[in-house]
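Structure file query_27.txt; described as compact mmCIF, C-alpha atoms.
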# COMPACT_ATOMS: atom_id res chain seq x y z
CA MET A 916 10.23 31.13 -55.33
CA SER A 917 7.59 31.92 -52.78
CA HIS A 918 8.38 31.94 -49.08
CA PRO A 919 7.11 28.76 -47.33
CA GLU A 920 5.29 30.70 -44.63
CA GLN A 921 3.48 32.77 -47.27
CA ARG A 922 2.01 29.58 -48.71
CA ALA A 923 0.42 28.48 -45.46
CA GLY A 924 -3.11 29.07 -46.80
CA ARG A 925 -2.95 26.00 -48.98
CA ASP A 926 -4.85 23.51 -46.86
CA ARG A 927 -4.53 19.76 -47.12
CA LYS A 928 -7.13 17.23 -46.01
CA SER A 929 -4.74 15.66 -43.58
CA GLY A 930 -1.75 16.82 -41.59
CA GLU A 931 -0.01 13.53 -42.33
CA PRO A 932 2.49 13.43 -45.20
CA SER A 933 1.14 11.87 -48.40
CA SER A 934 2.53 8.73 -50.07
CA ILE A 935 5.33 10.84 -51.57
CA SER A 936 6.87 10.93 -48.11
CA THR A 937 8.69 7.64 -48.68
CA GLY A 938 12.33 8.29 -47.81
CA LEU A 939 14.50 9.81 -50.50
CA ILE A 940 17.10 7.07 -50.21
CA GLU A 941 14.51 4.33 -50.66
CA ARG A 942 13.16 6.03 -53.78
CA LEU A 943 16.66 6.45 -55.18
CA GLN A 944 17.46 2.80 -54.56
CA VAL A 945 14.52 1.68 -56.71
CA CYS A 946 15.63 4.05 -59.49
CA ASP A 947 12.75 6.48 -59.12
CA GLU A 948 13.42 9.06 -61.84
CA ALA A 949 11.59 11.83 -59.98
CA ALA A 950 13.67 11.10 -56.88
CA TRP A 951 16.88 11.47 -58.85
CA GLN A 952 15.75 14.83 -60.18
CA ARG A 953 14.82 15.88 -56.67
CA LEU A 954 18.25 14.81 -55.44
CA LEU A 955 19.92 16.98 -58.07
CA ASP A 956 17.70 19.95 -57.30
CA LEU A 957 18.28 19.66 -53.56
CA TYR A 958 21.94 18.77 -53.41
CA GLY A 959 23.41 20.07 -56.67
CA PRO A 960 23.98 23.62 -55.36
CA LEU A 961 25.40 22.27 -52.10
CA VAL A 962 27.94 20.05 -53.85
CA PHE A 963 28.87 22.93 -56.12
CA SER A 964 29.46 25.15 -53.07
CA TRP A 965 31.72 22.48 -51.55
CA CYS A 966 33.73 22.38 -54.78
CA ARG A 967 34.12 26.15 -54.89
CA ARG A 968 35.15 26.30 -51.22
CA CYS A 969 37.95 23.89 -52.11
CA ASP A 970 39.06 26.23 -54.90
CA VAL A 971 37.79 24.21 -57.84
CA PRO A 972 37.50 26.87 -60.59
CA PRO A 973 33.92 27.79 -61.56
CA GLN A 974 34.41 26.52 -65.12
CA ASP A 975 35.49 23.09 -63.81
CA ALA A 976 33.15 22.72 -60.82
CA PRO A 977 30.21 21.41 -62.93
CA ASP A 978 32.45 18.56 -64.13
CA VAL A 979 33.31 17.61 -60.57
CA VAL A 980 29.65 17.85 -59.51
CA GLN A 981 28.74 15.53 -62.36
CA ASP A 982 31.41 13.06 -61.23
CA VAL A 983 30.01 13.19 -57.69
CA PHE A 984 26.48 12.30 -58.74
CA GLN A 985 27.69 9.57 -61.06
CA ALA A 986 29.43 8.03 -58.05
CA VAL A 987 26.24 8.42 -56.01
CA SER A 988 24.25 6.59 -58.69
CA HIS A 989 26.74 3.72 -58.60
CA GLY A 990 26.84 3.46 -54.82
CA ILE A 991 23.33 4.32 -53.67
CA SER A 992 22.06 0.74 -53.84
CA THR A 993 24.39 -0.27 -51.01
CA PHE A 994 24.17 2.90 -48.93
CA ARG A 995 22.92 2.36 -45.38
CA ARG A 996 22.70 4.90 -42.58
CA THR A 997 24.73 3.62 -39.64
CA GLU A 998 26.67 5.15 -36.79
CA GLU A 999 29.83 4.21 -38.65
CA HIS A 1000 28.89 5.72 -42.03
CA GLY A 1001 26.70 8.57 -40.81
CA THR A 1002 24.02 10.39 -42.77
CA PHE A 1003 23.46 10.58 -46.48
CA ARG A 1004 24.76 14.15 -46.45
CA GLY A 1005 27.97 13.00 -44.76
CA TRP A 1006 28.35 10.20 -47.32
CA LEU A 1007 27.79 12.71 -50.13
CA ARG A 1008 30.42 15.02 -48.70
CA THR A 1009 32.93 12.16 -48.51
CA ILE A 1010 32.30 11.37 -52.18
CA THR A 1011 32.66 15.05 -53.05
CA GLN A 1012 35.96 15.31 -51.21
CA SER A 1013 37.21 12.25 -53.10
CA LYS A 1014 36.20 13.69 -56.47
CA ILE A 1015 37.76 17.04 -55.63
CA HIS A 1016 40.98 15.21 -54.75
CA ASP A 1017 40.80 13.34 -58.08
CA TYR A 1018 40.27 16.62 -59.90
CA PHE A 1019 43.38 18.26 -58.47
CA ARG A 1020 45.41 15.10 -59.01
CA ARG A 1021 44.47 15.07 -62.70
CA ARG A 1022 44.83 18.83 -63.13
CA THR A 1023 48.62 18.95 -63.38
CA GLY A 1024 49.54 19.70 -66.96
CA ARG A 1025 45.94 19.45 -68.14
CA PRO A 1026 44.49 22.35 -70.20
CA VAL A 1027 41.24 23.90 -69.02
CA ALA A 1028 38.31 22.22 -70.77
CA MET A 1029 36.07 24.37 -72.92
CA GLY A 1030 32.37 23.87 -73.63
CA GLY A 1031 30.39 21.21 -71.82
CA THR A 1032 27.79 18.49 -72.04
CA ASP A 1033 24.12 18.92 -71.28
CA ALA A 1034 24.76 17.57 -67.79
CA GLN A 1035 27.56 20.07 -67.25
CA LEU A 1036 25.29 22.91 -68.34
CA TYR A 1037 22.60 21.68 -65.96
CA PHE A 1038 24.95 21.76 -62.99
CA ALA A 1039 26.32 25.14 -64.06
CA ASN A 1040 22.77 26.51 -64.12
CA LEU A 1041 22.13 25.14 -60.64
CA ALA A 1042 25.20 26.89 -59.36
CA ALA A 1043 24.12 30.18 -60.88
CA GLU A 1044 20.86 30.32 -58.89
CA ASP A 1045 20.53 33.18 -56.42
CA TRP A 1046 20.78 31.68 -52.94
CA SER A 1047 21.27 34.98 -51.11
CA ASP A 1048 17.63 35.98 -50.58
CA SER A 1049 17.90 36.06 -46.78
CA GLY A 1050 20.39 36.57 -44.00
CA GLN A 1051 20.62 32.79 -43.54
CA SER A 1052 22.14 32.07 -46.94
CA GLY A 1053 24.76 29.44 -46.11
CA PRO A 1054 24.71 26.32 -48.30
CA LEU A 1055 23.08 24.10 -45.67
CA ALA A 1056 20.44 26.72 -44.88
CA CYS A 1057 19.71 27.00 -48.59
CA LEU A 1058 19.37 23.22 -48.82
CA ALA A 1059 16.88 23.19 -45.97
CA ARG A 1060 14.83 25.99 -47.52
CA ARG A 1061 14.66 24.19 -50.85
CA ALA A 1062 13.55 20.99 -49.13
CA LEU A 1063 10.91 22.84 -47.10
CA GLU A 1064 9.49 24.35 -50.28
CA THR A 1065 9.24 20.85 -51.71
CA ILE A 1066 7.28 19.35 -48.81
CA ARG A 1067 5.14 22.36 -47.84
CA ASP A 1068 1.94 21.24 -49.58
CA GLU A 1069 1.90 17.88 -47.81
CA PHE A 1070 0.67 19.49 -44.58
CA GLU A 1071 -2.35 21.35 -43.31
CA SER A 1072 -1.85 25.07 -42.86
CA SER A 1073 -2.25 24.71 -39.07
CA THR A 1074 0.41 22.00 -38.91
CA TRP A 1075 2.78 24.01 -41.04
CA ARG A 1076 2.23 27.21 -39.06
CA ALA A 1077 2.91 25.44 -35.76
CA PHE A 1078 6.14 24.08 -37.22
CA TRP A 1079 7.15 27.42 -38.71
CA LEU A 1080 6.58 29.44 -35.56
CA THR A 1081 8.46 27.00 -33.33
CA ALA A 1082 11.24 25.62 -35.56
CA ILE A 1083 11.97 28.64 -37.75
CA GLN A 1084 10.91 31.63 -35.64
CA GLN A 1085 11.97 29.93 -32.40
CA GLN A 1086 8.80 30.77 -30.48
CA ALA A 1087 7.93 28.73 -27.40
CA SER A 1088 5.42 25.92 -27.89
CA ARG A 1089 3.21 27.38 -25.17
CA ASP A 1090 3.02 30.77 -26.90
CA VAL A 1091 2.31 29.19 -30.28
CA ALA A 1092 -0.40 27.03 -28.78
CA GLN A 1093 -2.12 30.16 -27.47
CA GLN A 1094 -1.90 31.81 -30.89
CA LEU A 1095 -3.33 28.79 -32.67
CA GLY A 1096 -5.92 27.83 -30.07
CA THR A 1097 -4.47 24.39 -29.45
CA THR A 1098 -2.27 22.61 -26.92
CA SER A 1099 1.48 22.68 -26.47
CA GLY A 1100 1.55 18.94 -27.10
CA ALA A 1101 -0.22 19.38 -30.44
CA VAL A 1102 2.28 22.08 -31.43
CA ARG A 1103 5.23 19.86 -30.56
CA GLN A 1104 3.69 16.99 -32.50
CA ALA A 1105 3.21 19.21 -35.56
CA LYS A 1106 6.83 20.32 -35.36
CA TYR A 1107 7.96 16.71 -35.07
CA LYS A 1108 5.91 15.64 -38.14
CA VAL A 1109 7.37 18.30 -40.38
CA LEU A 1110 10.94 17.84 -39.15
CA ARG A 1111 10.69 14.08 -39.64
CA ARG A 1112 9.41 14.62 -43.18
CA LEU A 1113 12.21 17.11 -43.81
CA ARG A 1114 14.76 14.50 -42.74
CA GLN A 1115 13.13 12.05 -45.15
CA GLU A 1116 13.33 14.56 -47.98
CA LEU A 1117 17.01 15.16 -47.27
CA GLY A 1118 17.74 11.44 -47.14
CA ASP A 1119 18.50 11.44 -43.42
CA ALA A 1120 15.53 9.28 -42.33
CA ASP A 1121 13.44 6.42 -43.67
This entry written out as structure tokens:
Amino acid sequence: MSHPEQRAGRDRKSGEPSSISTGLIERLQVCDEAAWQRLLDLYGPLVFSWCRRCDVPPQDAPDVVQDVFQAVSHGISTFRRTEEHGTFRGWLRTITQSKIHDYFRRRTGRPVAMGGTDAQLYFANLAAEDWSDSGQSGPLACLARRALETIRDEFESSTWRAFWLTAIQQQASRDVAQQLGTTSGAVRQAKYKVLRRLRQELGDAD
């Protein structure tokens, strides 16, 4: 996987996100197959990490992950972001906690399952990916990096670089504006565009 900043030379005709920027939740709710695959790619490793942190054995975690996403598929049509229910990620974590609870409740006296379905193997492969390629290798940081890789090519190199220098490298907007030969306002706007698109990709914005 290439580093997002290293791909900044890939220019786009417009700094605005393309039509693919429709919110993840909206695409899931109309049964967009590509959106479901994107959901699994983005959130599969995160859900697996939640399972492992709750001491679900590695051989059983793919089963629990599969149960989680089956529940998501059944409930996504009625999901709405509200102050009461929170973000999609919070909703997903609640489902995961419920499925982990179900797993431990069923585990008593149950032999460890051997083998696995294609879906189980898929989730096991997701979990085996190397997510420790930087010092910021926590599960949420990894999720953000994967999402950023996904949306990178939707932006001009100048827009992306302004975002990267301010949001990731934590440089001041004024300093970045001087580097890029633009205004602080333009830098802040670029950062806002990418962050808004990132929230869309993660299902946290329309």
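The coordinates place atom CA of A:Lys1014 at 16.7 Å from atom CA of A:Leu955.
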When you draw a straight line from atom CA of A:Leu1117 to atom CA of A:Thr1065, how long is it in Å? 10.6 Å
Pick from A:His1016, A:Arg1076, A:Arg1022, A:Arg1114: nearest to A:Ala1101, with only C-alpha atoms counted? A:Arg1076
Pick from A:Ile991, A:Cys966, A:Val971, A:Val979: nearest to A:Ile940, with all atoms listed in the file counted? A:Ile991
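You will find atom CA of A:Asp975 at 24.5 Å from atom CA of A:Phe1003.
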Got a sec: who's within 12 Å of A:Arg967, counting all atoms listed in the file, leaving out chain neighbours fewer than 3 positions off, as a list in words? Pro960, Leu961, Val962, Phe963, Ser964, Asp970, Val971, Pro972, Pro973, Gln974, Asp975, Ala976, Pro977, Val979, Val980, Thr1011, Gln1012, Ile1015, Ala1042 and Pro1054 of chain A
Would you kindly return, as a list in words, each protein, DNA or RNA residue with an atom no farther than 12 Å from any atom of A:Leu1110, considering all atoms listed in the file and excluding same-chain residues fewer than 2 positions away? Pro932, Ala1059, Ala1062, Leu1063, Ile1066, Arg1067, Phe1070, Thr1074, Trp1075, Ala1077, Phe1078, Trp1079, Thr1081, Ala1082, Ile1083, Arg1103, Gln1104, Ala1105, Lys1106, Tyr1107, Lys1108, Arg1112, Leu1113, Arg1114, Gln1115, Glu1116, Leu1117, Asp1119 and Ala1120 of chain A
Find the spatial neighbours of A:Leu954, counting only C-alpha atoms, within a cut-off of 9 Å - ignore same-chain residues fewer than 2 positions away - and output them as a PyMOL selection string. chain A and resi 939+943+949-952+956-959+1116-1118
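Distance annotation: of A:Val945, A:Val1102, A:Ile1010, A:Val987, the residue with the minimal separation from A:Trp965 is A:Ile1010; atom set is all atoms listed in the file.
With all atoms listed in the file as the basis for measurement, A:Val1109 is the residue among A:Glu941, A:Val1109, A:Arg968, A:Gln1086 that approaches A:Glu1064 most closely.
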